[in-house]
Structures are given as C-alpha cells and as structure tokens.
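**Q** For reference, the file target32.pdb (PDB, C-alpha atoms, pLDDT in the B column) is included below:
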```
ATOM      1  CA  MET A   1     -29.187 -10.620 -37.593  1.00 53.00           C
ATOM      2  CA  LYS A   2     -26.164 -12.788 -36.717  1.00 54.00           C
ATOM      3  CA  ARG A   3     -23.953  -9.762 -37.244  1.00 58.00           C
ATOM      4  CA  LEU A   4     -26.009  -7.734 -34.822  1.00 47.00           C
ATOM      5  CA  VAL A   5     -25.888 -10.483 -32.172  1.00 37.00           C
ATOM      6  CA  ARG A   6     -22.097 -10.905 -32.612  1.00 45.00           C
ATOM      7  CA  GLY A   7     -21.642  -7.133 -32.390  1.00 43.00           C
ATOM      8  CA  GLY A   8     -23.732  -7.052 -29.214  1.00 38.00           C
ATOM      9  CA  PHE A   9     -21.660  -9.815 -27.619  1.00 40.00           C
ATOM     10  CA  LEU A  10     -18.430  -8.091 -28.637  1.00 38.00           C
ATOM     11  CA  PHE A  11     -19.637  -4.800 -27.150  1.00 41.00           C
ATOM     12  CA  LEU A  12     -20.706  -6.538 -23.934  1.00 38.00           C
ATOM     13  CA  PHE A  13     -17.353  -8.357 -23.654  1.00 41.00           C
ATOM     14  CA  LEU A  14     -15.356  -5.149 -24.163  1.00 41.00           C
ATOM     15  CA  PHE A  15     -17.574  -3.263 -21.733  1.00 43.00           C
ATOM     16  CA  LEU A  16     -17.117  -5.891 -18.987  1.00 41.00           C
ATOM     17  CA  CYS A  17     -13.340  -6.013 -19.546  1.00 41.00           C
ATOM     18  CA  SER A  18     -13.056  -2.243 -19.262  1.00 40.00           C
ATOM     19  CA  MET A  19     -15.118  -2.273 -16.029  1.00 39.00           C
ATOM     20  CA  GLN A  20     -12.768  -4.840 -14.487  1.00 40.00           C
ATOM     21  CA  THR A  21      -9.699  -2.783 -15.461  1.00 40.00           C
ATOM     22  CA  ALA A  22     -11.221   0.389 -14.035  1.00 41.00           C
ATOM     23  CA  ALA A  23     -12.110  -1.371 -10.795  1.00 40.00           C
ATOM     24  CA  ALA A  24      -8.587  -2.743 -10.429  1.00 44.00           C
ATOM     25  CA  ALA A  25      -7.132   0.704 -11.029  1.00 52.00           C
ATOM     26  CA  SER A  26      -9.004   2.384  -8.167  1.00 86.00           C
ATOM     27  CA  ILE A  27      -7.464   1.101  -4.953  1.00 91.00           C
ATOM     28  CA  ARG A  28      -8.584   2.876  -1.811  1.00 93.00           C
ATOM     29  CA  ILE A  29      -6.244   3.221   1.160  1.00 91.00           C
ATOM     30  CA  PHE A  30      -7.403   3.825   4.731  1.00 92.00           C
ATOM     31  CA  LEU A  31      -4.984   4.768   7.497  1.00 91.00           C
ATOM     32  CA  ASP A  32      -6.361   4.415  11.005  1.00 92.00           C
ATOM     33  CA  ASP A  33      -9.865   4.301   9.501  1.00 91.00           C
ATOM     34  CA  LYS A  34      -9.431   7.545   7.522  1.00 93.00           C
ATOM     35  CA  ALA A  35      -9.213   7.641   3.720  1.00 92.00           C
ATOM     36  CA  VAL A  36      -5.799   8.646   2.367  1.00 88.00           C
ATOM     37  CA  SER A  37      -5.297  10.216  -1.045  1.00 87.00           C
ATOM     38  CA  PHE A  38      -2.074  10.511  -3.005  1.00 86.00           C
ATOM     39  CA  ALA A  39      -0.766  12.644  -5.868  1.00 86.00           C
ATOM     40  CA  GLU A  40      -0.154   9.347  -7.707  1.00 89.00           C
ATOM     41  CA  ALA A  41      -2.615   6.510  -7.178  1.00 90.00           C
ATOM     42  CA  PRO A  42      -1.577   3.118  -5.781  1.00 91.00           C
ATOM     43  CA  PHE A  43      -1.645   0.252  -8.267  1.00 91.00           C
ATOM     44  CA  ILE A  44      -1.428  -3.531  -8.423  1.00 90.00           C
ATOM     45  CA  GLU A  45       1.494  -5.212 -10.165  1.00 89.00           C
ATOM     46  CA  ASN A  46       2.149  -8.953 -10.010  1.00 87.00           C
ATOM     47  CA  ASP A  47      -0.507  -9.342  -7.294  1.00 87.00           C
ATOM     48  CA  ARG A  48       1.178  -6.735  -5.071  1.00 89.00           C
ATOM     49  CA  VAL A  49      -0.278  -3.383  -4.046  1.00 90.00           C
ATOM     50  CA  LEU A  50       2.350  -0.706  -4.658  1.00 91.00           C
ATOM     51  CA  VAL A  51       1.969   2.667  -2.967  1.00 90.00           C
ATOM     52  CA  PRO A  52       3.886   5.956  -3.015  1.00 89.00           C
ATOM     53  CA  MET A  53       6.474   5.436  -0.289  1.00 88.00           C
ATOM     54  CA  ARG A  54       6.634   9.040   0.864  1.00 89.00           C
ATOM     55  CA  GLY A  55       2.839   9.345   1.116  1.00 86.00           C
ATOM     56  CA  ILE A  56       2.402   6.296   3.332  1.00 84.00           C
ATOM     57  CA  LEU A  57       5.426   6.827   5.548  1.00 86.00           C
ATOM     58  CA  GLU A  58       4.804  10.526   6.120  1.00 88.00           C
ATOM     59  CA  SER A  59       1.212   9.647   7.047  1.00 83.00           C
ATOM     60  CA  LEU A  60       2.696   7.278   9.650  1.00 83.00           C
ATOM     61  CA  GLY A  61       4.925  10.058  11.039  1.00 88.00           C
ATOM     62  CA  TYR A  62       8.210   9.211   9.306  1.00 90.00           C
ATOM     63  CA  SER A  63      10.665  11.661   7.815  1.00 95.00           C
ATOM     64  CA  VAL A  64      11.516  10.602   4.260  1.00 93.00           C
ATOM     65  CA  ALA A  65      14.475  11.615   2.083  1.00 93.00           C
ATOM     66  CA  TRP A  66      15.559  10.742  -1.453  1.00 90.00           C
ATOM     67  CA  GLN A  67      19.246  10.346  -2.362  1.00 92.00           C
ATOM     68  CA  GLU A  68      19.440  10.905  -6.105  1.00 90.00           C
ATOM     69  CA  GLU A  69      23.059   9.798  -6.577  1.00 92.00           C
ATOM     70  CA  SER A  70      22.490   6.337  -5.071  1.00 91.00           C
ATOM     71  CA  LYS A  71      18.768   6.060  -6.001  1.00 89.00           C
ATOM     72  CA  THR A  72      17.965   5.318  -2.371  1.00 91.00           C
ATOM     73  CA  VAL A  73      14.980   6.246  -0.208  1.00 91.00           C
ATOM     74  CA  LEU A  74      15.674   6.789   3.485  1.00 93.00           C
ATOM     75  CA  ALA A  75      12.955   6.884   6.137  1.00 93.00           C
ATOM     76  CA  GLU A  76      13.221   7.358   9.873  1.00 94.00           C
ATOM     77  CA  LYS A  77      10.950   7.527  12.894  1.00 91.00           C
ATOM     78  CA  ASP A  78      11.918   6.975  16.509  1.00 90.00           C
ATOM     79  CA  GLU A  79      14.026   3.810  16.562  1.00 89.00           C
ATOM     80  CA  ILE A  80      13.164   2.620  13.035  1.00 90.00           C
ATOM     81  CA  GLN A  81      15.377   3.380  10.045  1.00 94.00           C
ATOM     82  CA  ILE A  82      14.498   2.113   6.572  1.00 93.00           C
ATOM     83  CA  SER A  83      16.760   2.302   3.530  1.00 94.00           C
ATOM     84  CA  LEU A  84      15.502   1.134   0.153  1.00 91.00           C
ATOM     85  CA  LEU A  85      17.516   1.008  -3.049  1.00 90.00           C
ATOM     86  CA  LEU A  86      15.440   1.397  -6.200  1.00 88.00           C
ATOM     87  CA  THR A  87      14.811  -1.784  -8.273  1.00 86.00           C
ATOM     88  CA  LYS A  88      16.285  -4.111  -5.611  1.00 90.00           C
ATOM     89  CA  LYS A  89      14.346  -6.850  -3.825  1.00 90.00           C
ATOM     90  CA  THR A  90      16.113  -6.125  -0.558  1.00 91.00           C
ATOM     91  CA  ALA A  91      15.943  -3.246   1.875  1.00 93.00           C
ATOM     92  CA  THR A  92      17.730  -2.364   5.080  1.00 94.00           C
ATOM     93  CA  VAL A  93      15.740  -1.975   8.286  1.00 94.00           C
ATOM     94  CA  ASN A  94      17.701  -0.893  11.356  1.00 94.00           C
ATOM     95  CA  GLY A  95      20.928  -2.039   9.700  1.00 94.00           C
ATOM     96  CA  LYS A  96      19.649  -5.516   8.788  1.00 95.00           C
ATOM     97  CA  ALA A  97      19.012  -6.640   5.211  1.00 95.00           C
ATOM     98  CA  VAL A  98      15.441  -7.794   4.627  1.00 93.00           C
ATOM     99  CA  SER A  99      13.898  -9.232   1.521  1.00 91.00           C
ATOM    100  CA  ILE A 100      10.845  -7.659  -0.119  1.00 90.00           C
ATOM    101  CA  ASP A 101       8.486  -9.423  -2.479  1.00 87.00           C
ATOM    102  CA  ALA A 102       8.650  -6.792  -5.223  1.00 88.00           C
ATOM    103  CA  PRO A 103      11.273  -4.155  -6.001  1.00 89.00           C
ATOM    104  CA  ALA A 104      10.649  -0.458  -5.553  1.00 88.00           C
ATOM    105  CA  THR A 105       9.862   1.275  -8.819  1.00 89.00           C
ATOM    106  CA  ILE A 106       9.410   4.815 -10.080  1.00 89.00           C
ATOM    107  CA  ARG A 107       6.186   5.853 -11.781  1.00 91.00           C
ATOM    108  CA  ASN A 108       5.487   9.462 -12.763  1.00 90.00           C
ATOM    109  CA  GLY A 109       8.381  10.670 -10.630  1.00 87.00           C
ATOM    110  CA  ARG A 110       7.221   8.882  -7.469  1.00 89.00           C
ATOM    111  CA  THR A 111       8.811   5.897  -5.727  1.00 90.00           C
ATOM    112  CA  PHE A 112       6.350   3.046  -5.287  1.00 92.00           C
ATOM    113  CA  VAL A 113       6.952   0.148  -2.927  1.00 90.00           C
ATOM    114  CA  PRO A 114       4.976  -2.907  -1.837  1.00 90.00           C
ATOM    115  CA  LEU A 115       2.538  -1.798   0.821  1.00 86.00           C
ATOM    116  CA  ARG A 116       2.936  -4.908   2.928  1.00 83.00           C
ATOM    117  CA  PHE A 117       6.701  -4.279   3.277  1.00 87.00           C
ATOM    118  CA  LEU A 118       6.122  -0.734   4.527  1.00 81.00           C
ATOM    119  CA  ALA A 119       3.441  -1.787   6.946  1.00 76.00           C
ATOM    120  CA  GLU A 120       5.263  -4.759   8.384  1.00 79.00           C
ATOM    121  CA  TYR A 121       8.496  -2.887   9.001  1.00 83.00           C
ATOM    122  CA  SER A 122       6.876   0.281  10.291  1.00 80.00           C
ATOM    123  CA  GLY A 123       4.928  -1.614  12.937  1.00 80.00           C
ATOM    124  CA  ALA A 124       1.549  -1.154  11.263  1.00 85.00           C
ATOM    125  CA  GLU A 125      -1.022  -3.842  10.478  1.00 87.00           C
ATOM    126  CA  VAL A 126      -2.350  -4.179   6.924  1.00 87.00           C
ATOM    127  CA  THR A 127      -5.445  -5.906   5.585  1.00 87.00           C
ATOM    128  CA  TRP A 128      -6.624  -6.181   1.973  1.00 87.00           C
ATOM    129  CA  ASN A 129     -10.338  -6.266   1.149  1.00 90.00           C
ATOM    130  CA  GLN A 130     -10.703  -7.902  -2.262  1.00 89.00           C
ATOM    131  CA  SER A 131     -14.388  -7.080  -2.660  1.00 92.00           C
ATOM    132  CA  THR A 132     -13.869  -3.317  -2.221  1.00 92.00           C
ATOM    133  CA  SER A 133     -10.294  -3.110  -3.588  1.00 91.00           C
ATOM    134  CA  SER A 134      -9.272  -1.351  -0.417  1.00 91.00           C
ATOM    135  CA  VAL A 135      -6.383  -1.540   2.018  1.00 89.00           C
ATOM    136  CA  SER A 136      -6.710  -0.791   5.726  1.00 91.00           C
ATOM    137  CA  ILE A 137      -3.569   0.230   7.579  1.00 89.00           C
ATOM    138  CA  HIS A 138      -3.605   0.503  11.344  1.00 89.00           C
ATOM    139  CA  SER A 139      -0.557   2.185  12.846  1.00 86.00           C
ATOM    140  CA  ALA A 140       1.029   0.719  15.975  1.00 82.00           C
ATOM    141  CA  GLU A 141      -0.161   3.765  17.962  1.00 85.00           C
ATOM    142  CA  TYR A 142      -3.745   3.392  16.704  1.00 87.00           C
ATOM    143  CA  THR A 143      -3.792  -0.325  17.491  1.00 84.00           C
ATOM    144  CA  ALA A 144      -2.432   0.301  21.007  1.00 83.00           C
ATOM    145  CA  ARG A 145      -5.093   2.992  21.656  1.00 84.00           C
ATOM    146  CA  LYS A 146      -7.846   0.724  20.383  1.00 80.00           C
ATOM    147  CA  ARG A 147      -6.713  -2.175  22.573  1.00 80.00           C
ATOM    148  CA  GLN A 148      -6.535   0.128  25.563  1.00 78.00           C
ATOM    149  CA  LYS A 149     -10.148   1.246  25.030  1.00 73.00           C
ATOM    150  CA  THR A 150     -11.402  -2.340  24.844  1.00 67.00           C
ATOM    151  CA  MET A 151      -9.630  -3.538  27.983  1.00 60.00           C
ATOM    152  CA  ILE A 152     -11.936  -4.330  30.862  1.00 59.00           C
ATOM    153  CA  PRO A 153     -10.679  -2.945  34.164  1.00 59.00           C
ATOM    154  CA  LEU A 154     -10.305  -5.485  36.925  1.00 57.00           C
ATOM    155  CA  PHE A 155     -11.037  -4.417  40.451  1.00 58.00           C
ATOM    156  CA  ILE A 156      -9.153  -6.319  43.083  1.00 59.00           C
ATOM    157  CA  SER A 157     -10.144  -5.817  46.659  1.00 54.00           C
TER     158      SER A 157
END
```
Will you turn the file into structure tokens for me?

**A**
Amino acid sequence: MKRLVRGGFLFLFLFLCSMQTAAAASIRIFLDDKAVSFAEAPFIENDRVLVPMRGILESLGYSVAWQEESKTVLAEKDEIQISLLLTKKTATVNGKAVSIDAPATIRNGRTFVPLRFLAEYSGAEVTWNQSTSSVSIHSAEYTARKRQKTMIPLFIS
C-alpha cells in the first residue's frame, strides 16, 4: 500500500513538473493586438524573453540583414539603425553603444535577442503578462493611432 501511495505521489510530482515546463515553453507574442507566430518559438532564459530578431523587427517594418563574417545582425527603419554582434552584451543603436541585459544567441539557425531590447530601441512598448505567458508589443505607430482615437476634440469659439 505504501508503495502505491509513494508511486502516486511520484507520478503526481512528475506530472506537475512537466506541466510547468510545457507552460513556460509556450510564450505567445502579440504585435499591435494580433498574434505573431515564428518559425522558431520564443523562449525564456535567465528570466529574459528571447525572440527571433528577424521575425520581430520585420513585423515592425525593419529591413534585417545578417553579416556572416562578423556575426552581426543589422536592422534599419527610417532613422533607426541597430547593429548587434552575436554573444555580446552591447549593441549599437544609431551609432551609440547601448548595453543589453542578455547577449544575442543562435538557436536552430536563428538569432534570438532579448525582446525588451528590441522593443525599447525600436520605439515600441512591451508588456509581459505572467499569468498567460504572453508578451504584448505595441509599435510606435499603433500607439500614436490609438492615442489619436481617444483624444477628445476641443471646440473653441
């Protein structure tokens, strides 16, 4: 009987641990309130959400290029230029060195970077919802449109 009870507790423990791992592995990303999917899924490492750089930036309207010889990712849109050297905790934004909280890394042939870095330096706003394991990104254009819709017109006579 004790063996059966111990086996039941062991099964329950393993089952709950596997559920937590599965939940942590499925991070959902929303850009301007629309779900975004990627060839390689975002993941959490050292309490940082890492996302495929090309997928996020192209969704925000950036052109993205990879320089194999220097292991550098280049992104550009309008007046913003981002250069990121793989495995370094610094990046260059518009010619200025900026620090990032986790280095870019390659997983399954894709470059992953901390989401917050991309959002902050691309002009987007990012929020993390712990309970749903989801990230909401609102582009600068989306935020401006939304603010414009909520403004109350003043009539001056």

**Q** Convert the output of the PyMOL selection byres ((chain A and resi 142) around 12) on the shown file into explicit residues, formatted as a ChimeraX atom specification.

**A** /A:31-34,60,123-125,137-141,143-149

**Q** What does the structure give for the distance between atom CA of A:Asp78 and atom CA of A:Ser59, in Å to one decimal?

**A**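 Calculated distance between atom CA of A:Asp78 and atom CA of A:Ser59 is 14.5 Å.
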
**Q** Atom CA of A:Lys77 and atom CA of A:Ala102, how far apart in Å?

**A** 23.2 Å

**Q** Where does the PyMOL selection byres ((chain A and resi 66) around 12) land in this file, that is, which residues does it pick, as an MDAnalysis selection string?

**A** chainID A and resid 53:54 63:65 67:75 82:86 109:111

**Q** Choose the residue, out of A:Thr87, A:Asn46, A:Thr132, A:Ser122, that has the smallest atom-to-atom separation from A:Ala104; count all atoms listed in the file.

**A**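 Of A:Thr87, A:Asn46, A:Thr132, A:Ser122, the one nearest A:Ala104, counting all atoms listed in the file, is A:Thr87.
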
**Q** Enumerate, as a list in words, the residues matched when the PyMOL selection byres ((chain A and resi 115) around 8) is run on the file above.

**A**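 On the file shown, the PyMOL selection byres ((chain A and resi 115) around 8) covers Arg48, Val49, Leu50, Val51, Val113, Pro114, Arg116, Phe117, Leu118 and Ala119 of chain A.
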
**Q** Using only C-alpha atoms, can you tell me which of A:Ala39, A:Val98, A:Ile56, A:Val93 comes closest to A:Val135?

**A** A:Ile56

**Q** In Å, rounded to a single decimal, give me how far atom CA of A:Gly95 is from atom CA of A:Asn108.

**A**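 So the answer is 29.6 Å.
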
**Q** Of the residues A:Ile29, A:Val126, A:Ala97, A:Leu57, which is the one nearest to A:Pro42, using only C-alpha atoms?

**A**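 Using only C-alpha atoms, the shortest distance to A:Pro42 belongs to A:Ile29.
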
**Q** If you take every atom of stretch 32-48 of chain A that the file lists and fit an axis-aligned box around them with 5 Å extra on each side, what centre and edge lengths come out in Å to one decimal, as AutoDock Vina command-line options?

**A**
```
--center_x -3.9 --center_y 1.7 --center_z 0.4 --size_x 22.0 --size_y 32.0 --size_z 31.2
```

**Q** Set the distance at 9 Å and use all atoms listed in the file: which residues neighbour A:Ser37 once local chain neighbours fewer than 5 positions away are removed? I'd like the list as an mmCIF file with C-alpha atoms, in the coordinates of the input.

**A**
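Wrote it out as around-v6.cif, contents follow:
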```cif
data_model
loop_
_atom_site.group_PDB
_atom_site.id
_atom_site.type_symbol
_atom_site.label_atom_id
_atom_site.label_comp_id
_atom_site.auth_asym_id
_atom_site.auth_seq_id
_atom_site.Cartn_x
_atom_site.Cartn_y
_atom_site.Cartn_z
ATOM 1 C CA ARG A 28 -8.584 2.876 -1.811
ATOM 2 C CA ILE A 29 -6.244 3.221 1.160
ATOM 3 C CA PHE A 30 -7.403 3.825 4.731
ATOM 4 C CA GLY A 55 2.839 9.345 1.116
#
```

**Q** Taking into account all atoms listed in the file, which residue in the set A:Ser134, A:Ile106, A:Thr127, A:Gln81 is nearest to A:Ala35?

**A**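 Smallest separation from A:Ala35 among the options: A:Ser134.
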
**Q** Counting all atoms listed in the file, figure out which residue out of A:Glu58, A:Asp47, A:Glu79, A:Glu40 gets nearest to A:Gln130.

**A**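 That would be A:Asp47, the residue with the smallest distance to A:Gln130.
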
**Q** With all atoms listed in the file as the basis for distance, which of A:Glu45, A:Tyr62, A:Pro52, A:Thr105 is at the shortest distance from A:Ile80?

**A**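 Selected residue with least distance to A:Ile80: A:Tyr62.
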